[in-house]
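S.K.: Supplied structure: upload06.pdb, PDB, C-alpha atoms, pLDDT in the B column.
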ATOM      1  CA  ASP A   1       0.000   0.000   0.000  1.00 48.00           C
ATOM      2  CA  GLU A   2       1.505   3.338  -1.088  1.00 50.00           C
ATOM      3  CA  SER A   3      -0.056   5.428   1.688  1.00 47.00           C
ATOM      4  CA  LEU A   4       1.540   3.212   4.348  1.00 46.00           C
ATOM      5  CA  GLU A   5       4.907   3.454   2.597  1.00 48.00           C
ATOM      6  CA  ALA A   6       4.632   7.249   2.377  1.00 46.00           C
ATOM      7  CA  SER A   7       3.938   7.560   6.094  1.00 45.00           C
ATOM      8  CA  ALA A   8       6.898   5.339   6.865  1.00 47.00           C
ATOM      9  CA  GLU A   9       9.322   7.545   4.926  1.00 49.00           C
ATOM     10  CA  ASP A  10      12.015   9.460   6.711  1.00 49.00           C
ATOM     11  CA  PRO A  11      10.818  12.948   7.838  1.00 47.00           C
ATOM     12  CA  GLN A  12      13.804  14.513   6.066  1.00 49.00           C
ATOM     13  CA  GLU A  13      12.746  12.902   2.792  1.00 48.00           C
ATOM     14  CA  ARG A  14       9.191  14.225   3.279  1.00 44.00           C
ATOM     15  CA  ALA A  15      10.578  17.709   3.798  1.00 47.00           C
ATOM     16  CA  GLU A  16      12.601  17.451   0.627  1.00 50.00           C
ATOM     17  CA  GLY A  17       9.501  16.167  -1.161  1.00 51.00           C
ATOM     18  CA  GLY A  18       7.724  19.515  -0.839  1.00 52.00           C
ATOM     19  CA  GLN A  19       6.242  19.511   2.677  1.00 58.00           C
ATOM     20  CA  ALA A  20       7.239  22.322   5.036  1.00 58.00           C
ATOM     21  CA  THR A  21       9.669  21.603   7.846  1.00 62.00           C
ATOM     22  CA  GLU A  22       9.306  23.037  11.325  1.00 65.00           C
ATOM     23  CA  ASP A  23      11.995  25.624  10.506  1.00 60.00           C
ATOM     24  CA  GLU A  24      10.097  26.761   7.419  1.00 59.00           C
ATOM     25  CA  GLU A  25       6.865  27.016   9.409  1.00 60.00           C
ATOM     26  CA  GLU A  26       8.635  29.112  12.065  1.00 57.00           C
ATOM     27  CA  GLU A  27      10.026  31.389   9.334  1.00 57.00           C
ATOM     28  CA  GLU A  28       6.530  31.871   7.914  1.00 59.00           C
ATOM     29  CA  GLU A  29       5.168  32.686  11.373  1.00 58.00           C
ATOM     30  CA  THR A  30       8.015  35.182  11.896  1.00 59.00           C
ATOM     31  CA  ASP A  31       7.299  36.781   8.509  1.00 62.00           C
ATOM     32  CA  GLU A  32       3.592  37.025   9.375  1.00 67.00           C
ATOM     33  CA  GLU A  33       4.460  38.598  12.744  1.00 69.00           C
ATOM     34  CA  GLU A  34       6.760  41.108  11.017  1.00 69.00           C
ATOM     35  CA  ASP A  35       4.057  41.850   8.456  1.00 90.00           C
ATOM     36  CA  ALA A  36       1.528  42.336  11.262  1.00 92.00           C
ATOM     37  CA  GLU A  37       3.932  44.612  13.138  1.00 95.00           C
ATOM     38  CA  GLU A  38       4.589  46.695  10.022  1.00 96.00           C
ATOM     39  CA  ARG A  39       0.861  46.906   9.274  1.00 95.00           C
ATOM     40  CA  GLY A  40       0.184  47.938  12.875  1.00 96.00           C
ATOM     41  CA  ARG A  41       2.823  50.664  12.661  1.00 96.00           C
ATOM     42  CA  ARG A  42       1.380  51.895   9.339  1.00 96.00           C
ATOM     43  CA  ILE A  43      -2.097  52.065  10.888  1.00 97.00           C
ATOM     44  CA  VAL A  44      -0.759  54.079  13.818  1.00 97.00           C
ATOM     45  CA  ARG A  45       1.191  56.455  11.539  1.00 97.00           C
ATOM     46  CA  ALA A  46      -1.939  57.123   9.472  1.00 97.00           C
ATOM     47  CA  MET A  47      -4.156  57.692  12.527  1.00 97.00           C
ATOM     48  CA  GLU A  48      -1.522  59.932  14.091  1.00 98.00           C
ATOM     49  CA  TYR A  49      -1.491  61.952  10.870  1.00 97.00           C
ATOM     50  CA  TYR A  50      -5.280  62.361  10.813  1.00 97.00           C
ATOM     51  CA  LEU A  51      -5.260  63.496  14.455  1.00 97.00           C
ATOM     52  CA  SER A  52      -2.096  65.616  14.184  1.00 97.00           C
ATOM     53  CA  ASP A  53      -1.680  69.355  14.714  1.00 97.00           C
ATOM     54  CA  ASP A  54      -1.081  69.668  10.959  1.00 96.00           C
ATOM     55  CA  ASN A  55      -4.326  67.969   9.920  1.00 96.00           C
ATOM     56  CA  LEU A  56      -6.979  67.762  12.637  1.00 96.00           C
ATOM     57  CA  PRO A  57      -7.759  71.480  13.105  1.00 95.00           C
ATOM     58  CA  TYR A  58      -8.525  71.778   9.379  1.00 94.00           C
ATOM     59  CA  ASP A  59     -10.258  68.438   8.737  1.00 95.00           C
ATOM     60  CA  TYR A  60     -13.991  69.146   8.968  1.00 95.00           C
ATOM     61  CA  ILE A  61     -14.966  65.525   8.324  1.00 94.00           C
ATOM     62  CA  VAL A  62     -12.914  64.234  11.261  1.00 95.00           C
ATOM     63  CA  LEU A  63     -13.862  67.152  13.534  1.00 95.00           C
ATOM     64  CA  ILE A  64     -17.601  66.558  13.193  1.00 95.00           C
ATOM     65  CA  GLN A  65     -17.147  62.925  14.265  1.00 96.00           C
ATOM     66  CA  ALA A  66     -15.636  63.898  17.629  1.00 94.00           C
ATOM     67  CA  ASP A  67     -17.843  63.791  20.707  1.00 93.00           C
ATOM     68  CA  GLU A  68     -17.751  66.372  23.526  1.00 91.00           C
ATOM     69  CA  HIS A  69     -14.642  64.658  24.951  1.00 93.00           C
ATOM     70  CA  CYS A  70     -12.885  64.547  21.554  1.00 94.00           C
ATOM     71  CA  TRP A  71     -13.330  60.777  21.082  1.00 96.00           C
ATOM     72  CA  ILE A  72     -13.775  59.666  17.470  1.00 97.00           C
ATOM     73  CA  PRO A  73     -15.265  56.266  16.541  1.00 97.00           C
ATOM     74  CA  LEU A  74     -12.484  53.892  15.521  1.00 97.00           C
ATOM     75  CA  ASP A  75     -14.602  52.399  12.720  1.00 96.00           C
ATOM     76  CA  PHE A  76     -14.911  55.892  11.214  1.00 97.00           C
ATOM     77  CA  MET A  77     -11.134  56.349  11.344  1.00 97.00           C
ATOM     78  CA  MET A  78     -10.654  52.908   9.772  1.00 96.00           C
ATOM     79  CA  SER A  79     -12.724  54.051   6.793  1.00 96.00           C
ATOM     80  CA  ALA A  80     -10.390  56.983   6.052  1.00 94.00           C
ATOM     81  CA  PRO A  81      -8.532  56.842   2.719  1.00 93.00           C
ATOM     82  CA  ARG A  82      -5.112  56.110   4.229  1.00 92.00           C
ATOM     83  CA  LEU A  83      -6.523  53.366   6.430  1.00 95.00           C
ATOM     84  CA  ARG A  84      -9.284  51.520   4.617  1.00 92.00           C
ATOM     85  CA  CYS A  85      -6.908  49.127   2.825  1.00 92.00           C
ATOM     86  CA  ILE A  86      -4.828  48.204   5.878  1.00 93.00           C
ATOM     87  CA  ALA A  87      -7.203  48.597   8.841  1.00 93.00           C
ATOM     88  CA  LYS A  88      -9.654  45.721   8.543  1.00 92.00           C
ATOM     89  CA  ASP A  89      -9.935  44.612  12.177  1.00 95.00           C
ATOM     90  CA  ALA A  90     -10.876  47.067  14.946  1.00 96.00           C
ATOM     91  CA  GLU A  91      -9.277  44.966  17.698  1.00 96.00           C
ATOM     92  CA  PHE A  92      -6.022  44.800  15.719  1.00 97.00           C
ATOM     93  CA  CYS A  93      -6.151  48.601  15.328  1.00 97.00           C
ATOM     94  CA  ARG A  94      -6.814  49.028  19.041  1.00 97.00           C
ATOM     95  CA  ALA A  95      -3.888  46.765  19.939  1.00 97.00           C
ATOM     96  CA  SER A  96      -1.651  48.618  17.462  1.00 97.00           C
ATOM     97  CA  ILE A  97      -2.523  51.983  18.999  1.00 97.00           C
ATOM     98  CA  HIS A  98      -1.782  50.653  22.494  1.00 97.00           C
ATOM     99  CA  THR A  99       1.482  49.087  21.351  1.00 97.00           C
ATOM    100  CA  TYR A 100       2.945  51.619  18.917  1.00 97.00           C
ATOM    101  CA  SER A 101       1.441  55.045  19.624  1.00 97.00           C
ATOM    102  CA  GLU A 102       2.679  57.503  22.205  1.00 97.00           C
ATOM    103  CA  THR A 103       0.197  60.196  21.131  1.00 97.00           C
ATOM    104  CA  LEU A 104      -3.125  58.333  20.754  1.00 98.00           C
ATOM    105  CA  SER A 105      -5.446  56.558  23.119  1.00 97.00           C
ATOM    106  CA  CYS A 106      -8.109  53.980  22.233  1.00 97.00           C
ATOM    107  CA  ARG A 107     -10.861  52.679  24.479  1.00 96.00           C
ATOM    108  CA  ASP A 108     -14.285  51.098  24.487  1.00 97.00           C
ATOM    109  CA  ILE A 109     -16.902  53.723  25.349  1.00 96.00           C
ATOM    110  CA  GLY A 110     -20.459  52.469  25.567  1.00 95.00           C
ATOM    111  CA  GLY A 111     -19.675  49.435  23.437  1.00 96.00           C
ATOM    112  CA  VAL A 112     -17.975  51.513  20.712  1.00 96.00           C
ATOM    113  CA  LEU A 113     -14.207  51.590  20.212  1.00 97.00           C
ATOM    114  CA  LYS A 114     -13.051  55.211  20.047  1.00 98.00           C
ATOM    115  CA  VAL A 115      -9.729  56.945  19.536  1.00 98.00           C
ATOM    116  CA  ARG A 116      -8.386  60.385  20.458  1.00 97.00           C
ATOM    117  CA  ARG A 117      -5.210  62.316  21.082  1.00 97.00           C
ATOM    118  CA  LYS A 118      -3.642  61.987  24.515  1.00 96.00           C
ATOM    119  CA  LYS A 119      -2.892  65.714  24.541  1.00 96.00           C
ATOM    120  CA  GLN A 120      -5.416  68.343  23.531  1.00 93.00           C
ATOM    121  CA  LEU A 121      -4.755  70.597  20.551  1.00 93.00           C
ATOM    122  CA  PRO A 122      -2.865  73.792  21.423  1.00 94.00           C
ATOM    123  CA  ALA A 123      -5.159  76.818  22.025  1.00 93.00           C
ATOM    124  CA  GLU A 124      -4.437  78.513  18.681  1.00 94.00           C
ATOM    125  CA  LEU A 125      -5.262  75.303  16.813  1.00 94.00           C
ATOM    126  CA  LEU A 126      -8.454  74.837  18.847  1.00 92.00           C
ATOM    127  CA  HIS A 127      -9.452  78.273  17.551  1.00 93.00           C
ATOM    128  CA  GLU A 128      -8.736  77.139  13.982  1.00 92.00           C
ATOM    129  CA  ALA A 129     -10.767  73.941  14.498  1.00 93.00           C
ATOM    130  CA  SER A 130     -13.659  75.939  15.953  1.00 92.00           C
ATOM    131  CA  ALA A 131     -13.615  78.268  12.950  1.00 92.00           C
ATOM    132  CA  ILE A 132     -13.653  75.292  10.565  1.00 92.00           C
ATOM    133  CA  LEU A 133     -16.639  73.813  12.391  1.00 90.00           C
ATOM    134  CA  ASP A 134     -18.460  77.169  12.239  1.00 90.00           C
ATOM    135  CA  ILE A 135     -17.846  77.542   8.511  1.00 86.00           C
ATOM    136  CA  GLY A 136     -18.710  73.971   7.573  1.00 82.00           C
ATOM    137  CA  PRO A 137     -17.275  71.709   4.908  1.00 75.00           C
ATOM    138  CA  ALA A 138     -14.992  73.178   2.288  1.00 69.00           C
ATOM    139  CA  PRO A 139     -16.659  73.902  -1.047  1.00 65.00           C
ATOM    140  CA  LYS A 140     -15.736  71.949  -4.126  1.00 55.00           C
ATOM    141  CA  VAL A 141     -12.393  73.089  -5.449  1.00 46.00           C
ATOM    142  CA  GLU A 142     -12.990  72.597  -9.185  1.00 48.00           C
ATOM    143  CA  PRO A 143     -14.857  75.884  -9.793  1.00 45.00           C
ATOM    144  CA  LEU A 144     -12.033  77.764  -8.067  1.00 42.00           C
ATOM    145  CA  LEU A 145      -9.343  76.094 -10.119  1.00 45.00           C
ATOM    146  CA  ASN A 146     -10.861  76.768 -13.511  1.00 47.00           C
ATOM    147  CA  GLY A 147     -11.730  80.414 -12.835  1.00 46.00           C
ATOM    148  CA  LYS A 148     -15.470  79.865 -12.514  1.00 43.00           C
ATOM    149  CA  GLY A 149     -17.408  80.258  -9.316  1.00 41.00           C
ATOM    150  CA  ALA A 150     -16.135  82.329  -6.406  1.00 40.00           C
ATOM    151  CA  GLN A 151     -14.600  85.683  -7.180  1.00 43.00           C
ATOM    152  CA  ALA A 152     -11.239  86.513  -5.632  1.00 42.00           C
ATOM    153  CA  ASN A 153     -11.382  88.920  -2.691  1.00 41.00           C
ATOM    154  CA  LYS A 154      -9.570  92.060  -3.780  1.00 40.00           C
ATOM    155  CA  GLY A 155     -10.191  94.252  -0.761  1.00 41.00           C
ATOM    156  CA  LYS A 156     -13.955  94.398  -1.311  1.00 40.00           C
ATOM    157  CA  GLY A 157     -15.027  91.965   1.365  1.00 39.00           C
ATOM    158  CA  LYS A 158     -13.925  89.925   4.275  1.00 38.00           C
ATOM    159  CA  ALA A 159     -14.451  86.179   4.034  1.00 40.00           C
ATOM    160  CA  GLY A 160     -15.015  84.185   7.175  1.00 39.00           C
ATOM    161  CA  GLN A 161     -12.952  85.169  10.217  1.00 39.00           C
ATOM    162  CA  PHE A 162      -9.688  85.725   8.384  1.00 38.00           C
ATOM    163  CA  ASN A 163      -8.899  88.615   6.095  1.00 37.00           C
ATOM    164  CA  GLY A 164      -5.693  87.346   4.599  1.00 39.00           C
ATOM    165  CA  LYS A 165      -3.412  88.829   7.248  1.00 39.00           C
ATOM    166  CA  GLY A 166      -1.118  86.500   9.147  1.00 42.00           C
ATOM    167  CA  LYS A 167      -1.601  82.774   9.323  1.00 43.00           C
ATOM    168  CA  GLY A 168      -4.922  81.191   8.627  1.00 43.00           C
ATOM    169  CA  VAL A 169      -6.829  79.075   6.238  1.00 44.00           C
ATOM    170  CA  GLN A 170      -8.428  80.235   3.041  1.00 43.00           C
ATOM    171  CA  HIS A 171     -12.137  80.583   3.630  1.00 43.00           C
ATOM    172  CA  LEU A 172     -15.078  81.045   1.349  1.00 44.00           C
ATOM    173  CA  GLY A 173     -18.087  83.064   2.349  1.00 44.00           C
ATOM    174  CA  LYS A 174     -20.156  86.131   1.694  1.00 45.00           C
ATOM    175  CA  GLY A 175     -18.315  89.423   2.004  1.00 45.00           C
ATOM    176  CA  LYS A 176     -19.145  91.364   5.164  1.00 47.00           C
ATOM    177  CA  GLY A 177     -17.550  94.750   4.830  1.00 47.00           C
ATOM    178  CA  LYS A 178     -14.823  96.759   3.183  1.00 49.00           C
ATOM    179  CA  GLY A 179     -11.948  94.596   4.223  1.00 47.00           C
ATOM    180  CA  LYS A 180      -8.444  95.527   3.155  1.00 51.00           C
ATOM    181  CA  GLY A 181      -7.124  91.993   3.171  1.00 48.00           C
ATOM    182  CA  LYS A 182      -4.268  91.259   0.827  1.00 50.00           C
ATOM    183  CA  GLY A 183      -4.449  87.519   1.353  1.00 49.00           C
ATOM    184  CA  LYS A 184      -5.900  84.869  -0.878  1.00 48.00           C
ATOM    185  CA  SER A 185      -9.277  84.648   0.803  1.00 46.00           C
ATOM    186  CA  GLN A 186     -12.174  84.040  -1.504  1.00 49.00           C
ATOM    187  CA  SER A 187     -15.446  85.943  -1.465  1.00 46.00           C
ATOM    188  CA  LYS A 188     -18.682  85.549  -3.406  1.00 50.00           C
ATOM    189  CA  GLY A 189     -19.824  89.097  -2.907  1.00 50.00           C
ATOM    190  CA  LYS A 190     -18.571  92.662  -2.690  1.00 50.00           C
ATOM    191  CA  GLY A 191     -19.657  93.054   0.922  1.00 50.00           C
ATOM    192  CA  GLN A 192     -22.126  95.421   2.458  1.00 50.00           C
ATOM    193  CA  GLY A 193     -21.301  98.743   4.073  1.00 49.00           C
ATOM    194  CA  GLY A 194     -19.629  99.235   7.381  1.00 48.00           C
TER
END
Represent the structure from my file as structure tokens, please.

M.R.:
Amino acid sequence: DESLEASAEDPQERAEGGQATEDEEEEEETDEEEDAEERGRRIVRAMEYYLSDDNLPYDYIVLIQADEHCWIPLDFMMSAPRLRCIAKDAEFCRASIHTYSETLSCRDIGGVLKVRRKKQLPAELLHEASAILDIGPAPKVEPLLNGKGAQANKGKGKAGQFNGKGKGVQHLGKGKGKGKGKGKSQSKGKGQGG
């Protein structure tokens, strides 16, 4: 019987015949662990970017997801463009945040996994985030790029809270006065008195 003969073969011969040895299996497990570690680190880097000083104060979509204690649902974060391909398992993401992040915290709140920064945004960036939330989502950019749509503010109106002086974000809105801003703010109107 061939099956009995095959089982009686030397283990070394079986390994040479195409079956994995224990060493090969350990190597595969090590590779999978390294791949998991790298994926975990990539997930953390992406989440840290989305919740960073450079991005969060200006990201309306993320800001509106935050609750009153600044917690954001982890499943929402996992659906972000930089994460949706690598963040498939919420528990893996949670473990990755706990293991690899010094700036983020993740916890179960009312049966929902949520993530937030360990340190609050600096005061000036909180002001920026508040302004973004007041203004709402950014308009589509295409009309601005091809010269159609909003008219450039040339001192005839003040858009949003910023008039082009100093640091700030470009805002779109109806003109509200005779601003003398030299910045690149955009305005749809010429403003009204005052």

S.K.: Hey, could you make a per-residue contact list for range 92-135 of chain A against range 60-84 of chain A with 7 Å as the cut-off, showing the nearest pair of atoms and its distance in Å to one decimal, counting all atoms listed in the file, sorted by chain and number, as CSV?

M.R.:
residue,atom,partner,partner_atom,distance
A:Val112,CA,A:Pro73,CA,6.9
A:Leu113,CA,A:Leu74,CA,5.5
A:Lys114,CA,A:Pro73,CA,4.3
A:Val115,CA,A:Ile72,CA,5.3
A:Arg116,CA,A:Trp71,CA,5.0
A:Ile132,CA,A:Tyr60,CA,6.4
A:Leu133,CA,A:Tyr60,CA,6.4

S.K.: Would you compute the distance between CA of Ser96 in chain A and CA of Val44 in chain A? Give it in Å to one decimal.

M.R.: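 One can read the CA of Ser96 in chain A to CA of Val44 in chain A distance as 6.6 Å.
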
S.K.: Excluding same-chain residues fewer than 6 positions from Ile86 in chain A, what lies within 9 Å of it counting all atoms listed in the file, as a list in words?

M.R.: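 With the cut-off at 9 Å, the set is Arg39, Gly40, Arg42, Ile43 and Met78 of chain A.
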
S.K.: When you draw a straight line from CA of Lys88 in chain A to CA of Gly136 in chain A, how long is it in Å?

M.R.: 29.7 Å

S.K.: Can you work out which one of A:Thr103, A:Lys118, A:Asp108, A:Ser130 has the shortest atom-to-atom distance to Tyr49 in chain A, counting all atoms listed in the file?

M.R.: A:Thr103
